[in-house]
Structure formats: C-alpha cells, structure tokens
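Just below is one structure, and these are the notes that go with it.
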Amino acid sequence: MGKIILYLLFFATSILIMSCHNKGTGKDGEEASPEQVQTPVTVTSVSDEPLSEFAELNATSSFLQDNIVKSNINGYIKSVNTKIGQPVTAGQTLFILKTKEAESLGNTIDKLDSSFHFSGTVRIAASESGYITELPHQLGDYVQDGEQLAVISNSKSFGFILNLPYELRKYVRLNKNVEVILPDSTRLSGVVASFMPAIDSVSQTQRVLIKVSSSTSIPENLIARIRILKSKKTNTISLPKQAVLSDEAQTNFWVMKMTDSVTAVKTSVIKGIETGNRVEILRPQFSATDKILLGGNYGLPDTAKVKIVKVE
C-alpha cells in the first residue's frame, strides 16, 4: 500500500513538472519571444521644389567720409543754425561769422556814413548733405581762419562694411544684389559698391562696401546680416532637415526609410545644398511614395519596428 502511494506521488509530480515546462516553451520546444516594442514616429516624403543656398555674414553700418566745415576768416560766431545729430543739406547755412575788424569798427563806420552798410559778416554753408557729428564751437566764440567749426558725416558715403572671407569671394561681384536684414527684421535691397584693395592678414577677410536704399535713416555702427546667394537649383529632391541624421563628426548622413507598414531601415544619403529648413538629397533617388521618418527617428537601430502616428 505504501509503495502504491509513492508511485502515485511520483506520477503526479512528473505531470506537474512537464506542465510547467510546456508553458515556457512554444512550438517545437522553442522559447516564446516577448512582443516587440514599436516606437511611435511621424513620417514625411520628399518634395520637388526650388532650393537656394545662402551665406549669412555680419556687416556694420558706417559713414566712410566726413566733411570738415572750416572758418575762412578770423572772427566771431554770430549765429549757429544747426545741432549735433541734425541732418543738413548741401548749401544750407550753418554759421554766420563776423570779422574782428567789423566787430570793433562796424558801428563807428555806420555812424560816419549810414549808406555804406558795412557788416563784415560771412556765411558758412554745408558743402555736402549728411549729419552733424561734431560741433566744437558755440555762439560768440572767436575762431581763426581755417579752424574747424563742424563735422558732417557724408550721407553719400553711407553703407554697410562687410568683412568677406576670401573663400567666398567667388560668390560676390561688383553690382551684385544682396539682401540686408536689420536687427528689427527689416529687409533692404543692397548692392555691392566696392572692394577695399587689401586683405586682413589675420582673418583673411576683405572689406566690402554694401550700398542700401532706405526711406528711413539708419544709424552708424548698426550690425546687420548680409545674405549672399551661393547657388540656386530648381526642381530638386529635398527633405526636412529633421529627417536627415548624422554621426558626431557629421561626415556620414542617413535617413530612416519605411520598408513596410511597421519597419524602418537605415538608408545612407548624399547631401547637396542646404537652406534654412530643407536639405537636398543627391543620392539615392527617392520617390514621392517613399515614407521617411521625421519625428522619433533619433537613436533608432539600423532596423527598427515603429508605429506611424502622423503623416506630414
């Protein structure tokens, strides 16, 4: 009787062990694999549109020429018709001077002969249009012949000075149109007016004068951005920058391309020109029906299981 009970216990234990083993294995005795994780992603497709590549450099506004207003007599300043920062036009009277002889003898001569109309005054006018930047004398000062009375920043010499790296010289030529972007996002049309005949030995840059036309006055020493067109292509294949990935050295580039509804594979690409938010794809030739990962693509392995949540 005891042996029968032992046999029954051994048989029940064997059945229990086999049952537990079968739960952990699949068909043909293989272990069942857990469900694969799918990364949520957004996808996009290539577009065929014109692309332009620009170089953006800083430039500083400046008056390249100053006109010095000088006295042409020895005498006293009797009238000042301008202020610092005030715009003036060519021919505008800035100062009225009176000779020292007229100052001392003028009233005496008038008393002797009132018909003589002796005044001894001289009018000093602006030779060019611009802005008064220096005004060292005031009303009543005594000045000598040739002494500086004011400095006018010549408005005709105003422009933006661009320090152009010499490697970009091939993209800039005389009378070339460029776009000037001010700090307040105002966009002006500029023209390359001249090149300074020297290169900075340290930075290897060349000073370029950019002339602009503006209905409002622009202050000196304002820093603007100059957009220089490097190349322009029409009907070229491109992708959003976010879709193109690279290594740390940025020498190898790739995208994650969908091969079916749930699988994305790493596909190496050759880039062309870049704009603000798009990248030209030279190779391989993608079609309009190809789906390329846009969001959720960073850090994925060469082959990844994904779940498309949005198409852009």
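Residue numbers start at 1 in each chain; chains themselves are named A, B, ... in the order of the structure tokens; ligands are numbered from 1 in the order shown.
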
Compile the contact shell of segment 203-214 of chain A as a compact mmCIF listing (two decimals) with C-alpha atoms, in the first residue's frame: residues with an atom at most 10 Å away, counting only C-alpha atoms, same-chain residues fewer than 6 positions apart removed.
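To be explicit, this is the file written out as part-v6.txt:
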# COMPACT_ATOMS: atom_id res chain seq x y z
CA ALA A 59 28.12 93.84 -41.64
CA THR A 60 28.36 97.19 -39.80
CA SER A 61 26.82 100.46 -40.98
CA SER A 62 29.31 103.29 -41.41
CA LEU A 64 33.14 106.35 -44.90
CA LYS A 156 26.54 109.72 -49.91
CA SER A 157 29.32 107.65 -48.33
CA PHE A 158 26.96 105.66 -46.07
CA GLY A 159 26.87 101.89 -46.40
CA PHE A 160 27.43 98.56 -44.65
CA ILE A 161 31.00 97.29 -44.32
CA LEU A 162 31.19 93.53 -44.80
CA ASN A 163 34.28 91.55 -43.81
CA LEU A 164 34.14 88.92 -46.54
CA PRO A 165 36.13 85.67 -46.08
CA TYR A 166 38.26 85.28 -49.18
CA GLU A 167 36.95 81.78 -49.87
CA LEU A 168 33.52 83.37 -50.51
CA ARG A 169 34.93 85.99 -52.89
CA VAL A 172 30.39 88.29 -54.63
CA ARG A 173 31.00 90.67 -57.52
CA LEU A 174 30.54 94.37 -58.20
CA ASN A 175 26.91 95.49 -58.59
CA LYS A 176 25.64 92.14 -57.29
CA ASN A 177 22.35 92.37 -55.43
CA VAL A 178 22.33 91.12 -51.84
CA GLU A 179 19.74 91.13 -49.07
CA VAL A 180 20.40 93.21 -45.95
CA ARG A 187 14.81 93.64 -45.14
CA LEU A 188 16.58 96.01 -47.52
CA SER A 189 17.93 95.59 -51.01
CA GLY A 190 21.69 96.12 -51.15
CA VAL A 191 24.23 96.40 -53.93
CA VAL A 192 27.94 95.59 -53.80
CA ALA A 193 29.52 99.01 -54.40
CA SER A 194 33.27 98.47 -53.96
CA PHE A 195 36.05 96.23 -52.64
CA MET A 196 38.82 97.54 -50.43
CA PRO A 197 42.20 96.70 -52.07
CA ILE A 226 24.03 90.14 -45.34

Members of segment 126-294 of chain A assigned strand (DSSP E or B) by DSSP, as a VMD selection string: chain A and resid 130 to 134 142 to 143 148 to 154 158 to 165 177 to 181 187 to 199 205 to 212 223 to 240 245 to 246 253 to 258 263 to 274 278 to 283 292 to 294

Distance query Glu49 of chain A at most 8 Å, only C-alpha atoms, self and fewer than 4 positions along chain excluded, as a PyMOL selection string: chain A and resi 234-238

Proximity to Tyr298 of chain A - best of A:Ile218, A:Met258, A:Ile228, A:Leu245, only C-alpha atoms: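 Closest candidate: A:Leu245.
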
Which residue of A:Asp184, A:Asp48, A:Glu53, A:Glu101 approaches Gly272 of chain A most closely, using only C-alpha atoms: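 Among the listed residues, the smallest separation from Gly272 of chain A belongs to A:Glu53.
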
Those in segment 103-260 of chain A with helix (DSSP H, G or I) from DSSP, as a list in words: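 Answer for segment 103-260 of chain A, restricted to helix (DSSP H, G or I): Glu103, Ser104, Leu105, Gly106, Asn107, Thr108, Ile109, Asp110, Lys111, Leu112, Ser114, Ser115, Phe116, Ser155, Lys156, Ser157, Tyr166, Glu167, Leu168, Arg169, Lys170, Tyr171, Lys241, Gln242 and Ala243 of chain A.
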
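Atom CA of Pro219 of chain A is positioned 17.4 Å from atom CA of Thr89 of chain A.
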
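Atom to atom, atom CA of Ile124 of chain A and atom CA of Gln92 of chain A stand 8.5 Å apart.
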
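Going from atom CA of Ile73 of chain A to atom CA of Leu94 of chain A covers 15.0 Å.
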